[in-house]
Each structure stands twice: as structure tokens, then as C-alpha cells.
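Undergrad: Data file work_14.pdb (PDB, C-alpha atoms) is appended below.
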MODEL        1
ATOM      1  CA  MET C   1      93.437 111.332 100.022  1.00  0.00           C
ATOM      2  CA  GLU C   2      94.759 110.001  96.715  1.00  0.00           C
ATOM      3  CA  PRO C   3      97.076 106.955  96.840  1.00  0.00           C
ATOM      4  CA  THR C   4     100.741 107.463  96.080  1.00  0.00           C
ATOM      5  CA  ALA C   5     102.639 105.609  93.366  1.00  0.00           C
ATOM      6  CA  SER C   6     104.445 103.475  95.945  1.00  0.00           C
ATOM      7  CA  GLU C   7     101.098 102.314  97.351  1.00  0.00           C
ATOM      8  CA  LEU C   8      99.797 101.272  93.925  1.00  0.00           C
ATOM      9  CA  PHE C   9     102.790  99.468  92.469  1.00  0.00           C
ATOM     10  CA  GLY C  10     103.531  95.979  93.761  1.00  0.00           C
ATOM     11  CA  ASN C  11     107.211  95.935  92.840  1.00  0.00           C
ATOM     12  CA  ALA C  12     110.070  98.177  91.786  1.00  0.00           C
ATOM     13  CA  GLU C  13     109.961  96.983  88.174  1.00  0.00           C
ATOM     14  CA  ASP C  14     106.343  98.103  87.728  1.00  0.00           C
ATOM     15  CA  ARG C  15     107.097 101.484  89.231  1.00  0.00           C
ATOM     16  CA  ARG C  16     110.233 101.871  87.074  1.00  0.00           C
ATOM     17  CA  ALA C  17     108.215 101.142  83.940  1.00  0.00           C
ATOM     18  CA  TYR C  18     105.561 103.657  84.997  1.00  0.00           C
ATOM     19  CA  GLU C  19     108.092 106.399  85.737  1.00  0.00           C
ATOM     20  CA  GLU C  20     109.882 105.685  82.454  1.00  0.00           C
ATOM     21  CA  PHE C  21     106.627 106.070  80.584  1.00  0.00           C
ATOM     22  CA  CYS C  22     105.913 109.357  82.344  1.00  0.00           C
ATOM     23  CA  ALA C  23     109.371 110.617  81.410  1.00  0.00           C
ATOM     24  CA  ASN C  24     108.738 109.764  77.775  1.00  0.00           C
ATOM     25  CA  GLN C  25     105.341 111.416  77.838  1.00  0.00           C
ATOM     26  CA  GLU C  26     106.866 114.692  79.017  1.00  0.00           C
ATOM     27  CA  GLN C  27     108.241 115.043  75.499  1.00  0.00           C
ATOM     28  CA  VAL C  28     104.726 114.940  74.027  1.00  0.00           C
ATOM     29  CA  PRO C  29     103.021 118.378  73.909  1.00  0.00           C
ATOM     30  CA  ALA C  30      99.832 118.867  75.958  1.00  0.00           C
ATOM     31  CA  PHE C  31     100.028 115.495  77.680  1.00  0.00           C
ATOM     32  CA  GLU C  32     101.305 114.687  81.140  1.00  0.00           C
ATOM     33  CA  LEU C  33     100.344 111.661  83.182  1.00  0.00           C
ATOM     34  CA  ASP C  34      99.481 112.785  86.703  1.00  0.00           C
ATOM     35  CA  ARG C  35      99.335 110.760  89.926  1.00  0.00           C
ATOM     36  CA  PRO C  36      98.139 107.174  89.290  1.00  0.00           C
ATOM     37  CA  ALA C  37      94.636 106.446  90.530  1.00  0.00           C
ATOM     38  CA  LEU C  38      94.309 102.970  89.039  1.00  0.00           C
ATOM     39  CA  VAL C  39      96.836 100.388  87.878  1.00  0.00           C
ATOM     40  CA  CYS C  40      95.671  97.188  86.163  1.00  0.00           C
ATOM     41  CA  ARG C  41      98.093  94.338  85.486  1.00  0.00           C
ATOM     42  CA  TRP C  42      96.958  91.815  82.885  1.00  0.00           C
ATOM     43  CA  ARG C  43      98.940  88.719  82.016  1.00  0.00           C
ATOM     44  CA  MET C  44      99.956  88.285  78.385  1.00  0.00           C
ATOM     45  CA  ALA C  45     100.664  85.291  76.174  1.00  0.00           C
ATOM     46  CA  LYS C  46     102.307  85.494  72.754  1.00  0.00           C
ATOM     47  CA  ARG C  47     101.638  89.223  72.410  1.00  0.00           C
ATOM     48  CA  THR C  48      97.972  88.895  73.328  1.00  0.00           C
ATOM     49  CA  VAL C  49      95.911  89.225  76.517  1.00  0.00           C
ATOM     50  CA  PRO C  50      93.902  85.975  76.720  1.00  0.00           C
ATOM     51  CA  LEU C  51      91.340  87.337  79.184  1.00  0.00           C
ATOM     52  CA  LEU C  52      90.997  90.721  77.477  1.00  0.00           C
ATOM     53  CA  ASN C  53      87.199  90.723  77.119  1.00  0.00           C
ATOM     54  CA  ARG C  54      86.783  89.706  80.750  1.00  0.00           C
ATOM     55  CA  HIS C  55      89.248  92.387  81.846  1.00  0.00           C
ATOM     56  CA  ILE C  56      87.429  95.057  79.847  1.00  0.00           C
ATOM     57  CA  ARG C  57      84.073  94.061  81.343  1.00  0.00           C
ATOM     58  CA  ALA C  58      85.586  94.373  84.823  1.00  0.00           C
ATOM     59  CA  LEU C  59      87.254  97.656  83.868  1.00  0.00           C
ATOM     60  CA  SER C  60      83.849  99.050  82.898  1.00  0.00           C
ATOM     61  CA  GLN C  61      82.780  98.642  86.544  1.00  0.00           C
ATOM     62  CA  ARG C  62      85.777 100.451  88.002  1.00  0.00           C
ATOM     63  CA  VAL C  63      85.789 104.046  89.174  1.00  0.00           C
ATOM     64  CA  VAL C  64      88.584 106.619  89.205  1.00  0.00           C
ATOM     65  CA  SER C  65      88.356 109.546  91.623  1.00  0.00           C
ATOM     66  CA  GLY C  66      84.752 108.519  92.297  1.00  0.00           C
ATOM     67  CA  ALA C  67      83.659 108.561  88.649  1.00  0.00           C
ATOM     68  CA  PRO C  68      83.083 105.642  86.259  1.00  0.00           C
ATOM     69  CA  LEU C  69      85.360 105.284  83.258  1.00  0.00           C
ATOM     70  CA  THR C  70      84.051 106.738  80.033  1.00  0.00           C
ATOM     71  CA  ARG C  71      83.033 104.625  77.054  1.00  0.00           C
ATOM     72  CA  ASN C  72      85.814 106.285  75.070  1.00  0.00           C
ATOM     73  CA  MET C  73      88.334 105.142  77.654  1.00  0.00           C
ATOM     74  CA  LEU C  74      87.072 101.558  77.526  1.00  0.00           C
ATOM     75  CA  SER C  75      87.113 101.542  73.726  1.00  0.00           C
ATOM     76  CA  TRP C  76      90.617 102.983  73.665  1.00  0.00           C
ATOM     77  CA  ALA C  77      91.870 100.376  76.128  1.00  0.00           C
ATOM     78  CA  LYS C  78      90.472  97.446  74.155  1.00  0.00           C
ATOM     79  CA  GLN C  79      91.559  98.753  70.769  1.00  0.00           C
ATOM     80  CA  HIS C  80      95.007  99.694  71.977  1.00  0.00           C
ATOM     81  CA  VAL C  81      95.603  96.163  73.234  1.00  0.00           C
ATOM     82  CA  GLU C  82      94.194  94.500  70.137  1.00  0.00           C
ATOM     83  CA  TRP C  83      95.985  96.728  67.648  1.00  0.00           C
ATOM     84  CA  SER C  84      99.269  97.530  69.343  1.00  0.00           C
ATOM     85  CA  LEU C  85     100.477  94.421  71.166  1.00  0.00           C
ATOM     86  CA  ALA C  86     101.078  92.294  68.090  1.00  0.00           C
ATOM     87  CA  ASP C  87     103.419  94.882  66.582  1.00  0.00           C
ATOM     88  CA  GLY C  88     104.939  96.207  69.789  1.00  0.00           C
ATOM     89  CA  ALA C  89     108.657  96.213  70.460  1.00  0.00           C
ATOM     90  CA  TYR C  90     109.212  94.735  73.924  1.00  0.00           C
ATOM     91  CA  ASP C  91     111.413  92.086  75.453  1.00  0.00           C
ATOM     92  CA  ASP C  92     108.835  89.647  76.828  1.00  0.00           C
ATOM     93  CA  PRO C  93     105.870  88.665  74.598  1.00  0.00           C
ATOM     94  CA  ASN C  94     104.545  86.676  77.569  1.00  0.00           C
ATOM     95  CA  GLY C  95     104.878  89.501  80.042  1.00  0.00           C
ATOM     96  CA  VAL C  96     102.399  91.734  81.844  1.00  0.00           C
ATOM     97  CA  LEU C  97     100.421  94.561  80.297  1.00  0.00           C
ATOM     98  CA  MET C  98     100.091  97.467  82.706  1.00  0.00           C
ATOM     99  CA  LEU C  99      97.264  99.970  82.245  1.00  0.00           C
ATOM    100  CA  VAL C 100      97.714 103.169  84.255  1.00  0.00           C
ATOM    101  CA  ILE C 101      94.935 105.722  84.674  1.00  0.00           C
ATOM    102  CA  ASP C 102      95.758 108.939  86.490  1.00  0.00           C
ATOM    103  CA  VAL C 103      93.595 111.083  88.753  1.00  0.00           C
ATOM    104  CA  ASN C 104      92.504 113.177  85.764  1.00  0.00           C
ATOM    105  CA  GLY C 105      91.302 110.208  83.746  1.00  0.00           C
ATOM    106  CA  ASN C 106      94.265 110.119  81.367  1.00  0.00           C
ATOM    107  CA  ALA C 107      95.610 106.669  80.562  1.00  0.00           C
ATOM    108  CA  ALA C 108      98.687 104.925  79.274  1.00  0.00           C
ATOM    109  CA  MET C 109      99.852 101.367  78.729  1.00  0.00           C
ATOM    110  CA  THR C 110     103.214  99.713  79.018  1.00  0.00           C
ATOM    111  CA  VAL C 111     104.529  96.142  78.976  1.00  0.00           C
ATOM    112  CA  GLY C 112     106.922  94.581  81.464  1.00  0.00           C
ATOM    113  CA  ALA C 113     108.406  91.172  82.172  1.00  0.00           C
ATOM    114  CA  TYR C 114     106.342  88.713  84.175  1.00  0.00           C
ATOM    115  CA  GLU C 115     107.713  87.838  87.607  1.00  0.00           C
ATOM    116  CA  PRO C 116     106.126  84.922  89.522  1.00  0.00           C
ATOM    117  CA  LEU C 117     105.308  85.426  93.172  1.00  0.00           C
ATOM    118  CA  SER C 118     108.310  84.753  95.380  1.00  0.00           C
ATOM    119  CA  ASP C 119     106.163  83.903  98.422  1.00  0.00           C
ATOM    120  CA  THR C 120     103.220  81.563  97.859  1.00  0.00           C
ATOM    121  CA  SER C 121     102.489  80.731 101.473  1.00  0.00           C
ATOM    122  CA  ALA C 122      98.860  80.868 102.543  1.00  0.00           C
ATOM    123  CA  ALA C 123      99.676  83.865 104.736  1.00  0.00           C
ATOM    124  CA  ALA C 124     101.257  85.783 101.861  1.00  0.00           C
ATOM    125  CA  LEU C 125      98.388  85.015  99.484  1.00  0.00           C
ATOM    126  CA  THR C 126      95.876  86.065 102.134  1.00  0.00           C
ATOM    127  CA  ASP C 127      97.743  89.330 102.655  1.00  0.00           C
ATOM    128  CA  ARG C 128      97.665  90.093  98.923  1.00  0.00           C
ATOM    129  CA  ALA C 129      93.937  89.382  98.800  1.00  0.00           C
ATOM    130  CA  ALA C 130      93.342  91.666 101.782  1.00  0.00           C
ATOM    131  CA  GLN C 131      95.212  94.488 100.030  1.00  0.00           C
ATOM    132  CA  ALA C 132      93.088  93.888  96.940  1.00  0.00           C
ATOM    133  CA  ARG C 133      89.963  94.291  99.090  1.00  0.00           C
ATOM    134  CA  ASP C 134      91.244  97.755 100.013  1.00  0.00           C
ATOM    135  CA  GLU C 135      91.665  98.548  96.308  1.00  0.00           C
ATOM    136  CA  ALA C 136      88.115  97.346  95.621  1.00  0.00           C
ATOM    137  CA  ALA C 137      86.790  99.798  98.204  1.00  0.00           C
ATOM    138  CA  LYS C 138      88.370 102.649  96.200  1.00  0.00           C
ATOM    139  CA  THR C 139      88.008 101.529  92.590  1.00  0.00           C
ATOM    140  CA  GLY C 140      85.173  98.990  92.622  1.00  0.00           C
ATOM    141  CA  ILE C 141      87.075  95.832  91.644  1.00  0.00           C
ATOM    142  CA  ALA C 142      89.527  93.615  93.528  1.00  0.00           C
ATOM    143  CA  PRO C 143      92.248  92.476  91.077  1.00  0.00           C
ATOM    144  CA  GLU C 144      93.057  89.498  93.303  1.00  0.00           C
ATOM    145  CA  LEU C 145      90.787  87.225  95.327  1.00  0.00           C
ATOM    146  CA  LEU C 146      91.407  84.574  97.933  1.00  0.00           C
ATOM    147  CA  CYS C 147      89.614  81.278  97.524  1.00  0.00           C
ATOM    148  CA  PHE C 148      89.625  77.969  99.329  1.00  0.00           C
ATOM    149  CA  VAL C 149      87.895  74.627  98.966  1.00  0.00           C
ATOM    150  CA  ARG C 150      86.151  72.790 101.784  1.00  0.00           C
ATOM    151  CA  ASP C 151      84.250  69.545 101.341  1.00  0.00           C
ATOM    152  CA  GLY C 152      84.104  70.027  97.585  1.00  0.00           C
ATOM    153  CA  VAL C 153      82.694  73.578  97.769  1.00  0.00           C
ATOM    154  CA  LEU C 154      84.564  76.546  96.294  1.00  0.00           C
ATOM    155  CA  HIS C 155      84.597  79.521  98.667  1.00  0.00           C
ATOM    156  CA  ILE C 156      85.579  82.953  97.320  1.00  0.00           C
ATOM    157  CA  ALA C 157      86.307  85.980  99.497  1.00  0.00           C
ATOM    158  CA  ALA C 158      83.906  88.259  97.621  1.00  0.00           C
ATOM    159  CA  GLU C 159      80.481  89.711  98.270  1.00  0.00           C
ATOM    160  CA  PRO C 160      77.454  87.958  96.697  1.00  0.00           C
ATOM    161  CA  ASP C 161      76.673  90.939  94.425  1.00  0.00           C
ATOM    162  CA  GLU C 162      80.291  91.880  93.739  1.00  0.00           C
ATOM    163  CA  VAL C 163      81.608  92.219  90.193  1.00  0.00           C
ATOM    164  CA  LEU C 164      84.689  90.031  89.974  1.00  0.00           C
ATOM    165  CA  CYS C 165      87.953  90.686  88.199  1.00  0.00           C
ATOM    166  CA  GLY C 166      88.538  88.962  84.866  1.00  0.00           C
ATOM    167  CA  ALA C 167      90.347  85.990  86.368  1.00  0.00           C
ATOM    168  CA  GLY C 168      87.653  85.619  89.002  1.00  0.00           C
ATOM    169  CA  THR C 169      84.897  85.308  86.405  1.00  0.00           C
ATOM    170  CA  LEU C 170      86.833  82.574  84.616  1.00  0.00           C
ATOM    171  CA  VAL C 171      87.334  80.560  87.813  1.00  0.00           C
ATOM    172  CA  GLU C 172      83.629  80.734  88.592  1.00  0.00           C
ATOM    173  CA  GLN C 173      82.856  79.605  85.047  1.00  0.00           C
ATOM    174  CA  LEU C 174      85.293  76.695  85.308  1.00  0.00           C
ATOM    175  CA  ALA C 175      83.710  75.680  88.601  1.00  0.00           C
ATOM    176  CA  SER C 176      80.241  75.804  87.077  1.00  0.00           C
ATOM    177  CA  THR C 177      81.240  73.633  84.114  1.00  0.00           C
ATOM    178  CA  ARG C 178      82.352  70.951  86.568  1.00  0.00           C
ATOM    179  CA  GLY C 179      79.213  71.284  88.659  1.00  0.00           C
ATOM    180  CA  TYR C 180      81.092  72.579  91.696  1.00  0.00           C
ATOM    181  CA  ALA C 181      79.122  74.530  94.271  1.00  0.00           C
ATOM    182  CA  ILE C 182      80.301  78.134  94.751  1.00  0.00           C
ATOM    183  CA  VAL C 183      79.900  80.228  97.891  1.00  0.00           C
ATOM    184  CA  ARG C 184      80.895  83.867  98.173  1.00  0.00           C
ATOM    185  CA  ASP C 185      81.865  84.522 101.762  1.00  0.00           C
ATOM    186  CA  GLY C 186      82.649  88.229 101.666  1.00  0.00           C
ATOM    187  CA  ALA C 187      85.456  89.367 103.949  1.00  0.00           C
ATOM    188  CA  ALA C 188      84.924  86.267 106.085  1.00  0.00           C
ATOM    189  CA  GLY C 189      86.446  84.275 103.236  1.00  0.00           C
ATOM    190  CA  LEU C 190      89.834  85.726 104.113  1.00  0.00           C
ATOM    191  CA  VAL C 191      89.821  83.365 107.104  1.00  0.00           C
ATOM    192  CA  ALA C 192      90.199  80.143 105.147  1.00  0.00           C
ATOM    193  CA  THR C 193      89.269  76.748 106.522  1.00  0.00           C
ATOM    194  CA  GLY C 194      90.595  74.669 103.643  1.00  0.00           C
ATOM    195  CA  PRO C 195      93.323  74.589 100.966  1.00  0.00           C
ATOM    196  CA  VAL C 196      93.984  78.142  99.757  1.00  0.00           C
ATOM    197  CA  ALA C 197      94.698  79.723  96.382  1.00  0.00           C
ATOM    198  CA  LEU C 198      94.952  83.253  95.012  1.00  0.00           C
ATOM    199  CA  ILE C 199      92.954  84.233  91.921  1.00  0.00           C
ATOM    200  CA  SER C 200      94.820  87.006  90.142  1.00  0.00           C
ATOM    201  CA  ASP C 201      94.590  88.945  86.873  1.00  0.00           C
ATOM    202  CA  GLU C 202      98.388  89.002  86.834  1.00  0.00           C
ATOM    203  CA  HIS C 203      99.326  85.580  88.213  1.00  0.00           C
ATOM    204  CA  GLY C 204      96.384  83.353  87.289  1.00  0.00           C
ATOM    205  CA  VAL C 205      95.512  80.876  90.030  1.00  0.00           C
ATOM    206  CA  VAL C 206      98.315  80.390  92.555  1.00  0.00           C
ATOM    207  CA  VAL C 207      97.875  77.438  94.898  1.00  0.00           C
ATOM    208  CA  SER C 208      99.457  77.955  98.304  1.00  0.00           C
ATOM    209  CA  GLU C 209     102.659  76.089  99.025  1.00  0.00           C
ATOM    210  CA  GLU C 210     100.961  74.370 101.970  1.00  0.00           C
ATOM    211  CA  ALA C 211      98.330  72.878  99.640  1.00  0.00           C
ATOM    212  CA  ALA C 212     100.713  71.964  96.825  1.00  0.00           C
ATOM    213  CA  GLY C 213     101.482  68.265  96.720  1.00  0.00           C
ATOM    214  CA  ILE C 214      98.607  67.253  98.992  1.00  0.00           C
ATOM    215  CA  GLU C 215      96.309  64.757  97.317  1.00  0.00           C
ATOM    216  CA  SER C 216      92.657  65.324  98.166  1.00  0.00           C
ATOM    217  CA  GLN C 217      89.424  66.194  96.443  1.00  0.00           C
ATOM    218  CA  ASP C 218      89.704  69.763  97.670  1.00  0.00           C
ATOM    219  CA  THR C 219      93.259  70.371  96.448  1.00  0.00           C
ATOM    220  CA  ALA C 220      92.420  68.659  93.152  1.00  0.00           C
ATOM    221  CA  MET C 221      89.806  71.365  92.568  1.00  0.00           C
ATOM    222  CA  LEU C 222      92.364  74.109  93.097  1.00  0.00           C
ATOM    223  CA  ASP C 223      94.816  72.319  90.795  1.00  0.00           C
ATOM    224  CA  PHE C 224      92.088  72.141  88.146  1.00  0.00           C
ATOM    225  CA  PHE C 225      91.572  75.909  88.295  1.00  0.00           C
ATOM    226  CA  ALA C 226      95.312  76.574  88.240  1.00  0.00           C
ATOM    227  CA  SER C 227      95.972  74.292  85.270  1.00  0.00           C
ATOM    228  CA  GLY C 228      92.986  75.644  83.363  1.00  0.00           C
ATOM    229  CA  MET C 229      94.284  79.180  83.768  1.00  0.00           C
ATOM    230  CA  ALA C 230      97.882  78.187  82.979  1.00  0.00           C
ATOM    231  CA  LYS C 231      96.848  76.723  79.631  1.00  0.00           C
ATOM    232  CA  LEU C 232      95.842  80.202  78.512  1.00  0.00           C
ATOM    233  CA  TYR C 233      99.357  81.499  79.085  1.00  0.00           C
ATOM    234  CA  ALA C 234     101.294  78.510  77.721  1.00  0.00           C
TER     235      ALA C 234
ENDMDL
END
Kindly transcribe the structure held in the file into C-alpha cells.

TA:
Amino acid sequence: MEPTASELFGNAEDRRAYEEFCANQEQVPAFELDRPALVCRWRMAKRTVPLLNRHIRALSQRVVSGAPLTRNMLSWAKQHVEWSLADGAYDDPNGVLMLVIDVNGNAAMTVGAYEPLSDTSAAALTDRAAQARDEAAKTGIAPELLCFVRDGVLHIAAEPDEVLCGAGTLVEQLASTRGYAIVRDGAAGLVATGPVALISDEHGVVVSEEAAGIESQDTAMLDFFASGMAKLYA
């Protein structure tokens, strides 16, 4: 059973932008965007997507309706971002780029304003990561991952052989440059036993409100990841 639009869009603004795009596309002959099968949300900065190459590599591992994306689709996505964003007419140059691919493999892009998470509790971040695991089961990639730090070790709720989202690959690289040990715990990582953060293609690294302000080696690691990601969007 294909997911509905309401199941794929995280907020009303994203769905409004998608429906607006569809309405505009109805005026273009021989092109109609069908039911969404995949929605990617990539954070922007100054009319660019800082993690674009990482996002495209992750996109190449996604599937839509059980089939991998074509090379033409991947090339179009990368070129469209590189060529169109700088000259695009939109309100927020530091917003969110939304890539929508329908059940037939047709794609479209739109840009919306960035909205920070209103609930950054550990429970809310864990819930988002769990929903992303469900998306990974259908499309191959989880756009958001839960992580926590215990005794100086970074734990990520991902399988050992899993291809991570763009933001996830950057966090692992940052951890490696500092010599931090990394453990992928699979689904068991959703039951955190240390300070928690969400790794997200849309939101960067979001440290839970419970961990914010606590001074420890473990929380300092999460703050390092969050600040490193935030610099890209400054």
C-alpha cells in the first residue's frame, strides 16, 4: 500500500508547498505529479545546499516503488540544485529544499521556509527517529537518526551495513576526525542510555533539551557535532 501525502509530510507548510507545486504543474502539458513516494528535505544556506554531494550519494541508494532511482534522475537532481537555486525567486535563501518523487518516478523540487523543531525533548527526538526507521524500510534511507553518547562512545541507531543519510555521514566523519569511537546499535539504539541528539538532513544535529546545558564529556561531544553542523548553515 502506497503512503498518502499526509503520512509523508511532517508539517502543513510542506504539504501546502507540495500541493501548490502540483497545482502549477497541472498547467504544463503531459506532466502531472502523482502520489508522493519519496520526500527529501535538505537544509539550505545562502541559496546553496551545503551537504548536496552527501545527499546525492544517499539518494542514489534510495528506492521508489521498489526500484532504484535512475542515473538520469540523480543527475537531474544535482544539476537542478546547482543551477537553479542561485537564481531562484523564493522568500528564504536559508530555507529547506524539498525534493518530491512520485510513484511513477517523476520528480519536482520546491523551496520552503525553515522551521526549527518545536519539541526537542528526548522522547520527541526518539519518536522522529523511529518514524525515520519506518521510512528506511520502504525507501532504503532514514533521513533522521537518533544518537547518544555513553562513556565517550558515539552510538547511532543504525545497522552496521546501513547507508546513512547525508547528515549522518558527516557526523561519523566528524567523530572520526576527533578519534571518537563509533558504535552502530541498530534498532536497539532507539533505547538510549546517555545524552541524546537527532541527526537530521533538515535540522542538522539537535541536542535534546534534557542534555542541553549539562556539562560532561558526553554532552560536549554532542555539542561538537551540533556546532560543526550549524557552521555549515550560518

Undergrad: Using the chain letters and numbers from the file, which residues does the PyMOL selection byres ((chain C and resi 228) around 12) grab, as number ranges by chain?

TA: C: 167, 170-175, 177, 204-206, 221-227, 229-234

Undergrad: Run through the PyMOL selection byres ((chain C and resi 90-94) around 12) on the given coordinates and return the selected residues as JSON, numbers by chain.

TA: {"C": [17, 42, 43, 44, 45, 46, 47, 48, 49, 50, 84, 85, 86, 87, 88, 89, 95, 96, 97, 110, 111, 112, 113, 114, 115, 202, 203, 232, 233, 234]}

Undergrad: Would you mind reading off the distance between CA of Ile214 (chain C) and CA of Ala132 (chain C), one decimal, in Å?

TA: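 Straight-line distance from CA of Ile214 (chain C) to CA of Ala132 (chain C) works out to 27.3 Å.
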
Undergrad: Find the residues near region 62-76 of chain C: any atom within 6 Å, counting all atoms listed in the file, skip ones fewer than 3 places away on the same chain, and give them as a list of chain:residue names.

TA: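 Counting only the stated atoms, we get C:Leu59, C:Gln79, C:His80, C:Thr139, C:Gly140.
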
Undergrad: Please determine, counting only C-alpha atoms, which residue among C:Trp83, C:Arg57, C:Ala107, C:Ser118 has the shortest atom-to-atom distance to Ile141 (chain C).

TA: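 The closest residue to Ile141 (chain C) is C:Arg57.
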
Undergrad: Select, from C:Leu198, C:Leu33, C:Leu125, C:Ile156, the residue with the minimum atom-to-atom distance to Val103 (chain C), counting only C-alpha atoms.

TA: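 The shortest atom-to-atom distance to Val103 (chain C) comes from C:Leu33.
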
Undergrad: Tell me, in Å to one decimal, how far CA of Thr126 (chain C) is from CA of Ala158 (chain C).

TA: 13.0 Å

Undergrad: Find the distance between CA of Thr219 (chain C) and CA of Gly179 (chain C) and write it in Å to one decimal.

TA: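 Here the two named atoms are 16.1 Å from each other.
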
Undergrad: Restore N, CA and C atoms in region 133-158 of chain C and list the result as an mmCIF file, keeping the file's coordinate frame.

TA:
data_model
loop_
_atom_site.group_PDB
_atom_site.id
_atom_site.type_symbol
_atom_site.label_atom_id
_atom_site.label_comp_id
_atom_site.auth_asym_id
_atom_site.auth_seq_id
_atom_site.Cartn_x
_atom_site.Cartn_y
_atom_site.Cartn_z
ATOM 1 N N ARG C 133 91.256 93.846 98.563
ATOM 2 C CA ARG C 133 89.963 94.291 99.090
ATOM 3 C C ARG C 133 89.987 95.801 99.329
ATOM 4 N N ASP C 134 91.115 96.308 99.808
ATOM 5 C CA ASP C 134 91.244 97.755 100.013
ATOM 6 C C ASP C 134 91.139 98.493 98.678
ATOM 7 N N GLU C 135 91.755 97.927 97.637
ATOM 8 C CA GLU C 135 91.665 98.548 96.308
ATOM 9 C C GLU C 135 90.223 98.538 95.812
ATOM 10 N N ALA C 136 89.511 97.444 96.058
ATOM 11 C CA ALA C 136 88.115 97.346 95.621
ATOM 12 C C ALA C 136 87.257 98.432 96.269
ATOM 13 N N ALA C 137 87.562 98.761 97.513
ATOM 14 C CA ALA C 137 86.790 99.798 98.204
ATOM 15 C C ALA C 137 86.954 101.164 97.536
ATOM 16 N N LYS C 138 88.102 101.360 96.845
ATOM 17 C CA LYS C 138 88.370 102.649 96.200
ATOM 18 C C LYS C 138 87.982 102.660 94.730
ATOM 19 N N THR C 139 88.178 101.538 94.049
ATOM 20 C CA THR C 139 88.008 101.529 92.590
ATOM 21 C C THR C 139 86.893 100.608 92.104
ATOM 22 N N GLY C 140 86.310 99.810 93.002
ATOM 23 C CA GLY C 140 85.173 98.990 92.622
ATOM 24 C C GLY C 140 85.464 97.542 92.293
ATOM 25 N N ILE C 141 86.718 97.199 92.028
ATOM 26 C CA ILE C 141 87.075 95.832 91.644
ATOM 27 C C ILE C 141 88.337 95.405 92.394
ATOM 28 N N ALA C 142 88.324 94.188 92.917
ATOM 29 C CA ALA C 142 89.527 93.615 93.528
ATOM 30 C C ALA C 142 90.269 92.824 92.451
ATOM 31 N N PRO C 143 91.509 93.186 92.126
ATOM 32 C CA PRO C 143 92.248 92.476 91.077
ATOM 33 C C PRO C 143 92.733 91.093 91.496
ATOM 34 N N GLU C 144 92.669 90.809 92.797
ATOM 35 C CA GLU C 144 93.057 89.498 93.303
ATOM 36 C C GLU C 144 92.060 89.068 94.371
ATOM 37 N N LEU C 145 91.782 87.772 94.403
ATOM 38 C CA LEU C 145 90.787 87.225 95.327
ATOM 39 C C LEU C 145 91.330 85.975 95.990
ATOM 40 N N LEU C 146 91.053 85.820 97.250
ATOM 41 C CA LEU C 146 91.407 84.574 97.933
ATOM 42 C C LEU C 146 90.270 83.578 97.752
ATOM 43 N N CYS C 147 90.627 82.327 97.548
ATOM 44 C CA CYS C 147 89.614 81.278 97.524
ATOM 45 C C CYS C 147 90.145 80.067 98.273
ATOM 46 N N PHE C 148 89.232 79.237 98.728
ATOM 47 C CA PHE C 148 89.625 77.969 99.329
ATOM 48 C C PHE C 148 88.524 76.956 99.056
ATOM 49 N N VAL C 149 88.857 75.697 99.204
ATOM 50 C CA VAL C 149 87.895 74.627 98.966
ATOM 51 C C VAL C 149 87.713 73.842 100.251
ATOM 52 N N ARG C 150 86.467 73.601 100.614
ATOM 53 C CA ARG C 150 86.151 72.790 101.784
ATOM 54 C C ARG C 150 85.002 71.849 101.445
ATOM 55 N N ASP C 151 85.270 70.565 101.598
ATOM 56 C CA ASP C 151 84.250 69.545 101.341
ATOM 57 C C ASP C 151 83.660 69.678 99.933
ATOM 58 N N GLY C 152 84.542 69.966 98.967
ATOM 59 C CA GLY C 152 84.104 70.027 97.585
ATOM 60 C C GLY C 152 83.382 71.298 97.180
ATOM 61 N N VAL C 153 83.363 72.308 98.060
ATOM 62 C CA VAL C 153 82.694 73.578 97.769
ATOM 63 C C VAL C 153 83.755 74.670 97.617
ATOM 64 N N LEU C 154 83.650 75.434 96.519
ATOM 65 C CA LEU C 154 84.564 76.546 96.294
ATOM 66 C C LEU C 154 84.074 77.778 97.038
ATOM 67 N N HIS C 155 84.902 78.305 97.926
ATOM 68 C CA HIS C 155 84.597 79.521 98.667
ATOM 69 C C HIS C 155 85.475 80.659 98.145
ATOM 70 N N ILE C 156 84.855 81.792 97.824
ATOM 71 C CA ILE C 156 85.579 82.953 97.320
ATOM 72 C C ILE C 156 85.344 84.126 98.257
ATOM 73 N N ALA C 157 86.404 84.825 98.599
ATOM 74 C CA ALA C 157 86.307 85.980 99.497
ATOM 75 C C ALA C 157 85.822 87.194 98.711
ATOM 76 N N ALA C 158 84.543 87.174 98.357
ATOM 77 C CA ALA C 158 83.906 88.259 97.621
ATOM 78 C C ALA C 158 82.449 88.346 98.055
#
